[in-house]
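Source file protein.cif; content: mmCIF, C-alpha atoms.
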data_entry
#
loop_
_atom_site.label_atom_id
_atom_site.label_comp_id
_atom_site.auth_asym_id
_atom_site.auth_seq_id
_atom_site.Cartn_x
_atom_site.Cartn_y
_atom_site.Cartn_z
CA MET A 1 78.91 202.16 -61.61
CA ALA A 2 80.18 199.90 -58.86
CA ILE A 3 82.01 196.69 -59.61
CA ASP A 4 80.97 193.92 -57.26
CA TYR A 5 83.71 191.50 -58.25
CA GLN A 6 86.47 191.24 -60.84
CA ILE A 7 88.81 188.38 -61.69
CA ASN A 8 91.01 187.14 -64.53
CA LEU A 9 90.66 183.44 -65.34
CA SER A 10 91.82 181.12 -68.10
CA SER A 11 89.31 179.24 -70.23
CA GLY A 12 90.53 176.01 -68.59
CA GLU A 13 89.75 177.40 -65.14
CA LEU A 14 86.34 178.57 -66.31
CA TYR A 15 85.49 175.21 -67.90
CA THR A 16 86.70 173.31 -64.82
CA LEU A 17 84.52 175.51 -62.59
CA ALA A 18 81.60 174.97 -64.97
CA GLY A 19 82.08 171.21 -64.76
CA LEU A 20 82.27 171.28 -60.97
CA LEU A 21 79.07 173.35 -60.86
CA HIS A 22 77.28 171.26 -63.53
CA ALA A 23 76.99 174.06 -66.10
CA LYS A 24 76.51 172.63 -69.60
CA TYR A 25 77.88 175.63 -71.50
CA LEU A 26 79.74 178.90 -70.99
CA TYR A 27 78.71 181.74 -73.27
CA GLY A 28 81.53 184.04 -74.35
CA ILE A 29 84.36 181.57 -73.66
CA GLU A 30 86.27 179.88 -76.50
CA THR A 31 86.15 176.09 -76.72
CA GLN A 32 89.66 175.41 -78.08
CA THR A 33 91.06 174.62 -74.62
CA ALA A 34 88.32 172.09 -73.92
CA ILE A 35 89.02 170.45 -77.28
CA LYS A 36 92.81 170.38 -76.70
CA TRP A 37 92.36 168.86 -73.24
CA GLN A 38 90.44 165.81 -74.51
CA SER A 39 93.57 163.70 -74.97
CA ASP A 40 94.56 164.03 -71.29
CA LEU A 41 91.45 165.44 -69.63
CA GLU A 42 91.96 164.00 -66.14
CA ARG A 43 95.46 165.45 -65.73
CA HIS A 44 94.40 168.89 -66.94
CA ILE A 45 91.41 168.95 -64.60
CA ARG A 46 93.51 167.84 -61.60
CA GLN A 47 96.10 170.57 -62.28
CA THR A 48 93.40 173.20 -62.74
CA VAL A 49 91.54 172.18 -59.58
CA LYS A 50 94.81 172.55 -57.67
CA ARG A 51 95.29 176.06 -59.15
CA LEU A 52 91.72 177.02 -58.22
CA GLU A 53 92.29 175.76 -54.67
CA ASN A 54 95.55 177.75 -54.45
CA LYS A 55 93.65 180.85 -55.56
CA LYS A 56 91.12 180.15 -52.76
CA LEU A 57 88.24 179.98 -55.26
CA ILE A 58 87.26 176.45 -54.35
CA LEU A 59 87.83 174.11 -51.43
CA PHE A 60 87.20 170.38 -51.20
CA GLU A 61 86.25 169.17 -47.75
CA LEU A 62 85.89 165.62 -46.57
CA PRO A 63 83.83 163.63 -47.48
CA GLY A 64 83.87 165.09 -50.98
CA LYS A 65 82.02 168.32 -50.28
CA LEU A 66 82.85 171.19 -52.64
CA LEU A 67 82.84 174.78 -51.42
CA VAL A 68 82.88 177.47 -54.13
CA ASP A 69 83.36 181.20 -53.66
CA SER A 70 79.89 182.77 -53.89
CA TYR A 71 80.96 185.34 -56.51
CA ILE A 72 82.48 182.61 -58.67
CA ARG A 73 79.31 180.52 -58.34
CA THR A 74 77.17 183.47 -59.47
CA ILE A 75 79.50 184.17 -62.40
CA ILE A 76 79.45 180.56 -63.62
CA GLU A 77 75.65 180.37 -63.23
CA THR A 78 75.30 183.58 -65.27
CA LEU A 79 77.74 182.46 -67.98
CA GLY A 80 76.07 179.04 -68.13
CA SER A 81 72.44 180.07 -68.42
CA PRO A 82 71.94 183.81 -68.82
CA ASP A 83 68.55 185.45 -69.25
CA ARG A 84 69.98 187.95 -71.75
CA ILE A 85 73.17 188.19 -73.80
CA ALA A 86 74.67 191.18 -75.57
CA VAL A 87 77.81 190.91 -77.69
CA VAL A 88 79.40 194.20 -78.63
CA SER A 89 82.48 194.89 -80.75
CA GLY A 90 83.87 198.31 -81.36
CA SER A 91 86.27 201.02 -80.30
CA THR A 92 86.84 201.25 -76.59
CA ARG A 93 87.25 204.53 -74.75
CA ASN A 94 91.04 204.02 -74.83
CA GLY A 95 91.00 203.68 -78.64
CA LYS A 96 91.47 199.91 -78.93
CA THR A 97 89.12 197.56 -80.76
CA ALA A 98 87.52 195.00 -78.47
CA THR A 99 84.65 192.57 -78.14
CA MET A 100 82.72 192.21 -74.91
CA TYR A 101 80.00 189.80 -73.87
CA VAL A 102 77.46 191.12 -71.38
CA LEU A 103 75.33 188.44 -69.78
CA GLU A 104 72.47 189.04 -67.36
CA LYS A 105 70.71 186.76 -64.93
CA ASN A 106 68.62 187.52 -61.83
CA GLY A 107 69.62 191.19 -61.68
CA VAL A 108 73.33 190.50 -62.08
CA ALA A 109 75.38 191.51 -65.13
CA VAL A 110 78.65 189.79 -65.98
CA THR A 111 81.02 191.07 -68.63
CA VAL A 112 83.54 188.85 -70.39
CA SER A 113 86.48 190.40 -72.21
CA LYS A 114 89.26 188.35 -73.77
CA LEU A 115 92.66 189.53 -72.51
CA ASP A 116 94.84 187.27 -74.65
CA GLU A 117 94.84 183.82 -76.24
CA ASP A 118 93.48 182.00 -73.20
CA ASN A 119 92.69 184.53 -70.46
CA TYR A 120 89.53 186.45 -69.71
CA LYS A 121 88.65 189.42 -67.57
CA ILE A 122 85.36 188.69 -65.82
CA VAL A 123 83.55 191.53 -64.07
CA MET A 124 80.31 191.19 -62.12
CA TYR A 125 77.90 194.08 -61.51
CA ALA A 126 74.68 194.04 -59.51
CA ALA A 127 71.57 195.78 -60.85
CA ILE A 128 73.09 197.74 -63.72
CA ASP A 129 71.69 199.00 -67.00
CA VAL A 130 73.47 197.31 -69.91
CA ILE A 131 73.55 200.48 -72.04
CA THR A 132 75.19 202.40 -69.18
CA LEU A 133 77.73 199.63 -68.74
CA LEU A 134 78.57 199.57 -72.44
CA ASN A 135 78.80 203.38 -72.57
CA ASN A 136 81.51 203.21 -69.92
CA HIS A 137 83.60 200.84 -72.07
CA PHE A 138 82.87 201.75 -75.69
CA SER A 139 83.02 205.15 -77.33
CA THR A 140 79.83 205.00 -79.41
CA ILE A 141 77.24 202.78 -77.79
CA GLY A 142 73.62 203.63 -77.20
CA ASN A 143 70.17 202.20 -77.75
CA ASP A 144 70.62 202.91 -81.48
CA SER A 145 73.79 200.77 -81.55
CA ILE A 146 72.09 197.60 -80.40
CA ARG A 147 70.18 196.59 -83.50
CA GLU A 148 69.60 192.89 -82.94
CA ARG A 149 68.10 191.37 -79.84
CA ILE A 150 67.31 187.69 -79.99
CA LEU A 151 66.04 185.16 -77.49
CA LEU A 152 68.44 182.82 -75.73
CA GLU A 153 66.62 179.85 -77.28
CA ASP A 154 67.41 181.25 -80.73
CA VAL A 155 71.07 181.73 -79.77
CA GLU A 156 71.25 178.12 -78.56
CA TYR A 157 69.61 176.86 -81.78
CA ILE A 158 72.11 178.80 -83.91
CA GLN A 159 75.01 177.63 -81.76
CA ASN A 160 73.93 173.99 -82.06
CA LYS A 161 73.71 174.29 -85.85
CA ILE A 162 77.17 175.86 -86.07
CA SER A 163 78.75 173.28 -83.74
CA SER A 164 77.24 170.46 -85.84
CA PHE A 165 78.69 172.08 -88.99
CA GLN A 166 75.30 173.17 -90.35
CA GLN A 167 76.26 176.77 -91.08
CA ASP A 168 73.57 177.23 -93.73
CA ALA A 169 70.83 176.24 -91.29
CA ALA A 170 72.31 178.58 -88.66
#

Please, can you express the file's structure as structure tokens?
Amino acid sequence: MAIDYQINLSSGELYTLAGLLHAKYLYGIETQTAIKWQSDLERHIRQTVKRLENKKLILFELPGKLLVDSYIRTIIETLGSPDRIAVVSGSTRNGKTATMYVLEKNGVAVTVSKLDEDNYKIVMYAAIDVITLLNNHFSTIGNDSIRERILLEDVEYIQNKISSFQQDAA
């Protein structure tokens, strides 16, 4: 299983990239940072843009043209509007308990694993079977382990109900 691209990013960096690329949502990324930033949003975004430029992930050219690393663009597009989502929690091959989001779009799979409070490991794979990918990370995953598969529209409906504090409807 070949990894096409791997990077660690904070939720602030991911949300800033999403904003720059006009993504409305990022599946698998917590929203606490976005909420905390509201009081001084401009400053946080400026600092994060500078960090992303220093990491050579984005570049602003005159007159206001944005260049984004092609892998990062694909990752944000996949996290923002995936065709399929799998969320798996369980024991990893190294014995730890973990949760991983696997998102697919246009033949690309992106995994999101939370490293700590505000950092994520993002890995992109081209043309990979999700079960194979999960088998490489978790000790007991197979077709039998994935019991629920729901449409993205249903996920969005549930998410909207939860975010509007309508847990019973969700």

Exercise. Report as a list in words the residues that result from applying the PyMOL selection byres ((chain A and resi 87-89) around 8) to the structure here.
Key: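 Applied to this file, the PyMOL selection byres ((chain A and resi 87-89) around 8) selects Ile85, Ala86, Gly90, Ser91, Thr97, Ala98, Thr99, Met100, Tyr101 and Val102 of chain A.
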
Please list as a JSON list (two decimals) with C-alpha atoms, in the frame of the given file every residue within 12 Å of range 53-64 of chain A, counting only C-alpha atoms and excluding residues in the same chain fewer than 4 positions away.
[["chain", "number", "residue", "atom", "x", "y", "z"],
["A", 7, "ILE", "CA", 88.81, 188.38, -61.69],
["A", 8, "ASN", "CA", 91.01, 187.14, -64.53],
["A", 9, "LEU", "CA", 90.66, 183.44, -65.34],
["A", 13, "GLU", "CA", 89.75, 177.40, -65.14],
["A", 14, "LEU", "CA", 86.34, 178.57, -66.31],
["A", 16, "THR", "CA", 86.70, 173.31, -64.82],
["A", 17, "LEU", "CA", 84.52, 175.51, -62.59],
["A", 20, "LEU", "CA", 82.27, 171.28, -60.97],
["A", 21, "LEU", "CA", 79.07, 173.35, -60.86],
["A", 46, "ARG", "CA", 93.51, 167.84, -61.60],
["A", 47, "GLN", "CA", 96.10, 170.57, -62.28],
["A", 48, "THR", "CA", 93.40, 173.20, -62.74],
["A", 49, "VAL", "CA", 91.54, 172.18, -59.58],
["A", 68, "VAL", "CA", 82.88, 177.47, -54.13],
["A", 69, "ASP", "CA", 83.36, 181.20, -53.66],
["A", 70, "SER", "CA", 79.89, 182.77, -53.89],
["A", 71, "TYR", "CA", 80.96, 185.34, -56.51],
["A", 72, "ILE", "CA", 82.48, 182.61, -58.67],
["A", 73, "ARG", "CA", 79.31, 180.52, -58.34]]

Practice problem: Check the smallest atom-to-atom distance from each of A:Thr111, A:Gln32, A:Thr92, A:Ser39 to Ile3 in chain A using all atoms listed in the file, then report the winner. | Solution: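 So, comparing all the options, the nearest one is A:Thr111.
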
Centre and edge lengths of an axis-aligned box around all listed atoms of range 111-127 of chain A, with 8 Å added on each side, are to be given in Å to one decimal, as JSON.
{"center_x": 83.2, "center_y": 188.9, "center_z": -67.9, "size_x": 39.3, "size_y": 29.8, "size_z": 32.7}

Quiz item: Do you have the CA of Glu30 in chain A-CA of Ser11 in chain A distance handy?
Solution: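 CA of Glu30 in chain A sits 7.0 Å away from CA of Ser11 in chain A.
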
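Here CA of Val155 in chain A and CA of Asp83 in chain A stand 11.4 Å from one another.
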
Quiz item: Rounded to one decimal in Å, what is the spacing between CA of Gln38 in chain A and CA of Glu156 in chain A?
Solution: 23.2 Å
